[in-house]
Amino acid sequence: MTERPLPALTGPVEVVGAGLIGASIALVCRRLGLDVVLRDTSAENLRTASGLGAGRSASSHERPQLVVVAVPPAAIPDAIVAALGRSDAVVTDVGSVKAAPLAAVAGRVRPTDLARYVGSHPMAGSERSGPLAASAALFDGRPWAITPHDVAEPGAVGLVESLVLECGASPRLMAPDEHDRAVARISHLPHLAAVLVAGRLAAAPEEHLALSGQGVRDVTRVAASDPALWQQILEANAGAVLDLLGEVRADLDALMTAVADDAGADLVEILARGNAGTAAIPGKHGGPARPTRSVFVSVPDHPGELARLFGDAGEIGVNIEDVHIDHDPGRPVGLTELVVDRGRAEHLLAALESRGWTTHR
Ligand SMILES: NC(=O)C1=CN([C@@H]2O[C@H](COP(=O)(O)OP(=O)(O)OC[C@H]3O[C@@H](n4cnc5c(N)ncnc54)[C@H](O)[C@@H]3O)[C@@H](O)[C@H]2O)C=CC1
Ligand SMILES: O=C(O)C(=O)Cc1ccc(O)cc1
């Protein structure tokens with residue numbers, strides 16, 4: 001991303017908040033052989049994260065090179081201020097919103113200390129929380145925003161960039177305000193859309209739910225996330241989220257009119273805008289979106305079968321872009337969706353069938 005040499009991440013790295021994101025970063029740092037120091041207000045999460053090999057409990061006299069604040073959004077400003085006061089380390093946070101915490105910190109620390117703080121935000125995670133959901137592979141190939149403020153030290157920005165690269169992620173430098181508008185669009189609004197759709201399901205008749213397929217699962221997955229976390233995220237980014245919700249409200253009115261009036265052309269235009277939106281999402285590694293197609297394969301519920309399927313796809317020479325497994329515990333097979341390059345899908349289907357796999361077209 002930049003031409004200048006980046007400062008090496010040598011540790012110790014201190015992680016404040018050893019939950020999903022914090023423990024995942026800690027696991028990466030441990031894998032690099034760095035000394036990792038953990039802090040958490042939950043003794044249980046601290047014990048679990050240490051037990052998973054994410055690091056050791058902090059003592060009273062740590063001298064970290066880098067502190068990563070990974071606590072819930074509402075606790076972030078206090079935790080950054082405390083970290084800046086405890087040592088002379090570079091401090092970053094991984095919070096989902098950047099401008100409001102920065103303003104809160106800037107009002108409470110000296111400019112020389114503020115210079116050591118650089119916000120960041122990994123665009124990776126899950127609907128699960130806590131250290132048991134952590135993984136050193138969480139950030140592989142994902143974008144990770146770095147949001148320097150005007151007086152941030154270049155060396156501090158560089159060290160955060162080094163962390164991002166060591167985590168296997170792709171650093172994207174941007175201003176905090178711009179970041180917040182971006183995540184309102186690509187994360188917070190999608191989350192709320194998922195919540196609204198999922199909200200129609202909780203009290204739905206069982207025979208309706210029994211027909212659920214992959215579509216409803218795709219659209220609602222993130223709605224399973226922790227409501228307390230999301231309440232804090234939305235509160236911190238209310239302005240940008242409200243702007244988009246206003247646009248969606250207008251779209252919803254237009255959609256209702258088009259459906260009610262049987263206005264086919266208007267409806268097609270609205271649906272086509274959805275096509276354009278999905279096509280605009282870049283490919284996984286930041287390149288242009290490549291058209292993909294899903295190939296569905298029945299996989300027997302035996303150890304090693306999934307590995308055999310992946311092995312066969314590899315021998316057939318087709319790269320798997322993404323995978324979803326729909327496993328019904330009551331049945332001896334799982335349905336596996338392999339997302340592959342659209343131009344290679346037919347070849348994969350035919351080759352898998354010739355190797356004895358049951359596919360679904
Ligand atoms: N969940 C996700 O997918 C993503 C979350 N984030 C951000 O990362 C941060 C952490 O989120 P998760 O790891 O998902 O949450 P989590 O709930 O898994 O972990 C948070 C941890 O912080 C601890 N904690 C709470 N208050 C604390 C305090 N004052 N001092 C020290 N420890 C404290 C909790 O005990 C818990 O272990 C949040 O700010 C969130 O916005 C960023 C990207 C993705
Ligand atoms: O699970 C997913 O796909 C997510 O999108 C998780 C997520 C949650 C919060 C963030 O700030 C960033 C990513």
# chains A, B, ... in the order shown; residues from 1 in each chain; ligands from 1

$ residues_near_ligand --ligand "ligand 1" --cutoff "7 Å" --atoms "only C-alpha atoms and all ligand atoms" --output "compact mmCIF listing (two decimals) with N, CA and C atoms, in the first residue's frame"
# COMPACT_ATOMS: atom_id res chain seq x y z
N VAL A 16 -6.42 -5.64 24.58
CA VAL A 16 -7.41 -5.30 25.62
C VAL A 16 -8.78 -5.72 25.10
N GLY A 17 -9.35 -6.75 25.71
CA GLY A 17 -10.62 -7.32 25.23
C GLY A 17 -10.31 -8.57 24.43
N ALA A 18 -10.25 -9.71 25.11
CA ALA A 18 -9.83 -10.96 24.46
C ALA A 18 -11.05 -11.74 23.99
N GLY A 19 -11.92 -11.08 23.21
CA GLY A 19 -13.11 -11.73 22.67
C GLY A 19 -12.83 -12.21 21.25
N LEU A 20 -13.88 -12.23 20.42
CA LEU A 20 -13.75 -12.74 19.05
C LEU A 20 -12.59 -12.06 18.31
N ILE A 21 -12.62 -10.73 18.23
CA ILE A 21 -11.62 -10.01 17.42
C ILE A 21 -10.27 -9.96 18.15
N GLY A 22 -10.30 -9.59 19.45
CA GLY A 22 -9.05 -9.47 20.20
C GLY A 22 -8.28 -10.78 20.25
N ARG A 39 -5.64 -8.44 28.38
CA ARG A 39 -6.43 -7.84 29.47
C ARG A 39 -7.90 -8.03 29.13
N ASP A 40 -8.72 -8.30 30.13
CA ASP A 40 -10.16 -8.42 29.89
C ASP A 40 -10.87 -8.26 31.23
N THR A 41 -11.99 -7.57 31.24
CA THR A 41 -12.74 -7.43 32.50
C THR A 41 -13.42 -8.75 32.87
N SER A 42 -13.54 -9.65 31.92
CA SER A 42 -14.12 -10.96 32.22
C SER A 42 -12.99 -11.95 32.49
N ASN A 45 -13.31 -14.99 30.16
CA ASN A 45 -12.81 -14.83 28.79
C ASN A 45 -11.29 -14.80 28.75
N ALA A 70 -9.83 -4.00 21.77
CA ALA A 70 -10.87 -4.78 21.08
C ALA A 70 -12.04 -5.04 22.02
N VAL A 71 -12.50 -3.98 22.67
CA VAL A 71 -13.61 -4.08 23.62
C VAL A 71 -14.90 -3.62 22.92
N PRO A 72 -16.07 -3.82 23.52
CA PRO A 72 -17.32 -3.35 22.89
C PRO A 72 -17.28 -1.84 22.63
N PRO A 73 -18.00 -1.37 21.60
CA PRO A 73 -17.88 0.02 21.16
C PRO A 73 -17.99 1.06 22.28
N ALA A 75 -17.17 0.97 25.28
CA ALA A 75 -16.02 0.97 26.21
C ALA A 75 -14.73 1.41 25.52
N ILE A 76 -14.79 1.66 24.22
CA ILE A 76 -13.54 1.91 23.46
C ILE A 76 -12.83 3.21 23.88
N ALA A 79 -10.98 2.80 27.12
CA ALA A 79 -9.89 1.82 27.02
C ALA A 79 -8.71 2.41 26.25
N VAL A 94 -10.07 -1.64 17.23
CA VAL A 94 -10.67 -2.35 16.09
C VAL A 94 -12.17 -2.07 16.02
N GLY A 95 -12.60 -1.01 16.66
CA GLY A 95 -14.03 -0.71 16.75
C GLY A 95 -14.65 -0.47 15.38
N SER A 96 -15.96 -0.73 15.29
CA SER A 96 -16.67 -0.69 14.02
C SER A 96 -16.96 0.74 13.55
N HIS A 121 -10.05 -0.88 11.67
CA HIS A 121 -11.30 -1.67 11.67
C HIS A 121 -11.20 -2.84 10.70
N PRO A 122 -11.01 -4.05 11.24
CA PRO A 122 -11.00 -5.22 10.34
C PRO A 122 -12.39 -5.50 9.81
N MET A 123 -12.50 -5.66 8.50
CA MET A 123 -13.82 -5.98 7.93
C MET A 123 -13.98 -7.49 7.87
N ALA A 124 -13.90 -8.07 9.04
CA ALA A 124 -14.04 -9.52 9.17
C ALA A 124 -14.60 -9.77 10.54
N GLY A 125 -15.33 -10.81 10.67
CA GLY A 125 -15.89 -11.12 11.97
C GLY A 125 -16.89 -12.22 11.80
N SER A 126 -17.83 -12.23 12.69
CA SER A 126 -18.84 -13.27 12.58
C SER A 126 -20.02 -12.86 13.43
N GLU A 127 -21.11 -13.64 13.34
CA GLU A 127 -22.27 -13.36 14.18
C GLU A 127 -22.03 -13.92 15.58
N ARG A 128 -20.91 -14.61 15.79
CA ARG A 128 -20.59 -15.16 17.12
C ARG A 128 -19.68 -14.20 17.86
N SER A 129 -19.60 -14.33 19.18
CA SER A 129 -18.69 -13.47 19.92
C SER A 129 -17.95 -14.31 20.95
N GLY A 130 -16.97 -13.67 21.63
CA GLY A 130 -16.20 -14.35 22.66
C GLY A 130 -14.99 -15.08 22.10
N PRO A 131 -14.03 -15.42 22.98
CA PRO A 131 -12.77 -16.02 22.51
C PRO A 131 -12.93 -17.39 21.87
N LEU A 229 -24.00 -5.46 21.13
CA LEU A 229 -22.90 -4.94 20.31
C LEU A 229 -23.45 -4.01 19.24
N ILE A 233 -22.92 -0.05 18.15
CA ILE A 233 -22.39 0.34 16.83
C ILE A 233 -23.31 1.37 16.19

$ residues_around --residues "Gly155 of chain A" --least-positions-apart "2" --cutoff "8 Å" --atoms "only C-alpha atoms" --output "list of chain:residue names"
A:Leu6, A:Pro7, A:Glu153, A:Val157, A:Gly158, A:Leu159

$ write_last_selection --atoms "N, CA and C atoms" --output "short mmCIF file (atom, residue, chain, number, x, y, z; two decimals), in the first residue's frame"
data_model
loop_
_atom_site.label_atom_id
_atom_site.label_comp_id
_atom_site.auth_asym_id
_atom_site.auth_seq_id
_atom_site.Cartn_x
_atom_site.Cartn_y
_atom_site.Cartn_z
N LEU A 6 7.95 -0.34 6.43
CA LEU A 6 7.07 -0.30 7.61
C LEU A 6 7.85 -0.72 8.84
N PRO A 7 7.54 -0.14 10.01
CA PRO A 7 8.19 -0.61 11.24
C PRO A 7 7.83 -2.08 11.47
N GLU A 153 1.24 10.07 14.24
CA GLU A 153 2.64 9.86 13.84
C GLU A 153 2.71 8.87 12.70
N VAL A 157 1.17 4.91 12.32
CA VAL A 157 0.32 4.42 11.22
C VAL A 157 0.99 3.19 10.59
N GLY A 158 2.31 3.29 10.40
CA GLY A 158 3.05 2.19 9.78
C GLY A 158 3.00 0.93 10.62
N LEU A 159 3.08 1.07 11.93
CA LEU A 159 3.06 -0.13 12.79
C LEU A 159 1.69 -0.82 12.72
#

$ atom_distance --atom1 "atom CA of Leu267 of chain A" --atom2 "atom CA of Val219 of chain A"
20.2 Å

$ residues_around --residues "Ala89 of chain A" --least-positions-apart "6" --cutoff "8 Å" --atoms "only C-alpha atoms" --output "compact mmCIF listing (two decimals) with N, CA and C atoms, in the first residue's frame"
# COMPACT_ATOMS: atom_id res chain seq x y z
N ARG A 63 5.47 -3.43 29.07
CA ARG A 63 6.00 -2.37 28.18
C ARG A 63 5.72 -2.78 26.73
N PRO A 64 4.45 -2.76 26.31
CA PRO A 64 4.13 -3.22 24.96
C PRO A 64 4.65 -2.28 23.88
N GLN A 65 4.89 -2.86 22.69
CA GLN A 65 5.19 -2.03 21.51
C GLN A 65 3.88 -1.50 20.93
N LEU A 66 2.84 -2.36 20.97
CA LEU A 66 1.54 -2.03 20.37
C LEU A 66 0.43 -2.53 21.28
N VAL A 67 -0.57 -1.67 21.50
CA VAL A 67 -1.77 -2.09 22.23
C VAL A 67 -2.94 -2.12 21.24
N ARG A 116 0.07 8.95 19.13
CA ARG A 116 0.38 7.50 19.15
C ARG A 116 -0.86 6.65 18.91

$ closest_residue --among "A:Ala203, A:Ala74, A:Ala115, A:Val259" --to "Thr92 of chain A" --atoms "only C-alpha atoms"
A:Ala115

$ closest_residue --among "A:Ser60, A:Ala240, A:Asp253, A:Leu138" --to "Arg86 of chain A" --atoms "only C-alpha atoms"
A:Ser60

$ atom_distance --atom1 "atom CA of Ala104 of chain A" --atom2 "atom CA of Leu234 of chain A"
16.6 Å

$ residues_around --residues "segment 294-297 of chain A" --least-positions-apart "2" --cutoff "9 Å" --atoms "only C-alpha atoms" --output "VMD selection string"
chain A and resid 292 299 309 323 334 to 342 345 to 346 348 to 349 352 357 to 361

$ write_last_selection --atoms "C-alpha atoms" --output "compact mmCIF listing (two decimals), in the first residue's frame"
# COMPACT_ATOMS: atom_id res chain seq x y z
CA THR A 292 -19.73 -16.81 -9.96
CA VAL A 299 -21.90 -34.91 0.82
CA LEU A 309 -14.87 -33.23 -2.32
CA VAL A 323 -18.36 -22.61 0.45
CA GLY A 334 -25.21 -32.47 4.02
CA LEU A 335 -25.80 -30.15 1.08
CA THR A 336 -22.61 -28.33 0.17
CA GLU A 337 -22.68 -25.20 -1.97
CA LEU A 338 -19.44 -24.55 -3.84
CA VAL A 339 -19.21 -21.04 -5.26
CA VAL A 340 -17.01 -21.13 -8.37
CA ASP A 341 -16.17 -19.09 -11.46
CA ARG A 342 -19.33 -19.11 -13.60
CA ALA A 345 -19.32 -24.45 -13.15
CA GLU A 346 -20.57 -26.83 -15.87
CA LEU A 348 -17.04 -28.95 -12.37
CA LEU A 349 -20.56 -30.42 -12.28
CA LEU A 352 -17.89 -34.37 -10.08
CA TRP A 357 -20.89 -37.27 -6.56
CA THR A 358 -24.60 -36.43 -6.47
CA THR A 359 -25.02 -32.87 -7.73
CA HIS A 360 -28.10 -30.68 -7.92
CA ARG A 361 -28.66 -28.37 -10.88

$ closest_residue --among "A:Pro148, A:Gly141, A:Pro190, A:Pro176" --to "ligand 2" --atoms "only C-alpha atoms and all ligand atoms"
A:Pro190

$ atom_distance --atom1 "atom CA of Leu209 of chain A" --atom2 "atom CA of Leu255 of chain A"
24.7 Å

$ residues_around --residues "Ala137 of chain A" --least-positions-apart "2" --cutoff "9 Å" --atoms "only C-alpha atoms" --output "list in words"
Ser24, Val28, Ala134, Ser135, Phe139, Asp140, Cys167 and Gly168 of chain A

$ write_last_selection --atoms "C-alpha atoms" --output "short mmCIF file (atom, residue, chain, number, x, y, z; two decimals), in the first residue's frame"
data_model
loop_
_atom_site.label_atom_id
_atom_site.label_comp_id
_atom_site.auth_asym_id
_atom_site.auth_seq_id
_atom_site.Cartn_x
_atom_site.Cartn_y
_atom_site.Cartn_z
CA SER A 24 -8.10 -13.68 16.89
CA VAL A 28 -1.98 -14.32 14.89
CA ALA A 134 -11.67 -16.69 17.61
CA SER A 135 -9.44 -17.86 14.77
CA PHE A 139 -8.65 -11.83 8.67
CA ASP A 140 -7.16 -13.74 5.71
CA CYS A 167 -2.93 -10.75 10.01
CA GLY A 168 -3.13 -11.55 6.28
#

$ select_by_dssp --residues "segment 251-331 of chain A" --states "alpha helix (DSSP H)" --output "number ranges by chain"
A: 251-260, 264-280, 305-316

$ closest_residue --among "A:Asp93, A:Glu206, A:Asp326, A:Glu269" --to "ligand 2" --atoms "only C-alpha atoms and all ligand atoms"
A:Asp93

$ residues_around --residues "Gly53 of chain A" --least-positions-apart "2" --cutoff "12 Å" --atoms "only C-alpha atoms" --output "ChimeraX atom specification"
/A:18,23-31,33-38,46-51,55-57,131-132,134-136

$ select_by_dssp --residues "segment 162-334 of chain A" --states "strand (DSSP E or B)" --output "list in words"
Ser170, Pro171, Arg172, Leu173, Thr292, Arg293, Ser294, Val295, Phe296, Val297, Ser298, Val299, Pro300, Ile320, Glu321, Asp322, Val323, His324, Ile325, Asp326, His327, Val333 and Gly334 of chain A

$ closest_residue --among "A:Val241, A:Leu211, A:Ala223, A:Ala100" --to "ligand 2" --atoms "only C-alpha atoms and all ligand atoms"
A:Ala223

$ residues_around --residues "Gly277 of chain A" --least-positions-apart "6" --cutoff "12 Å" --atoms "only C-alpha atoms" --output "ChimeraX atom specification"
/A:185-186,270-271,289
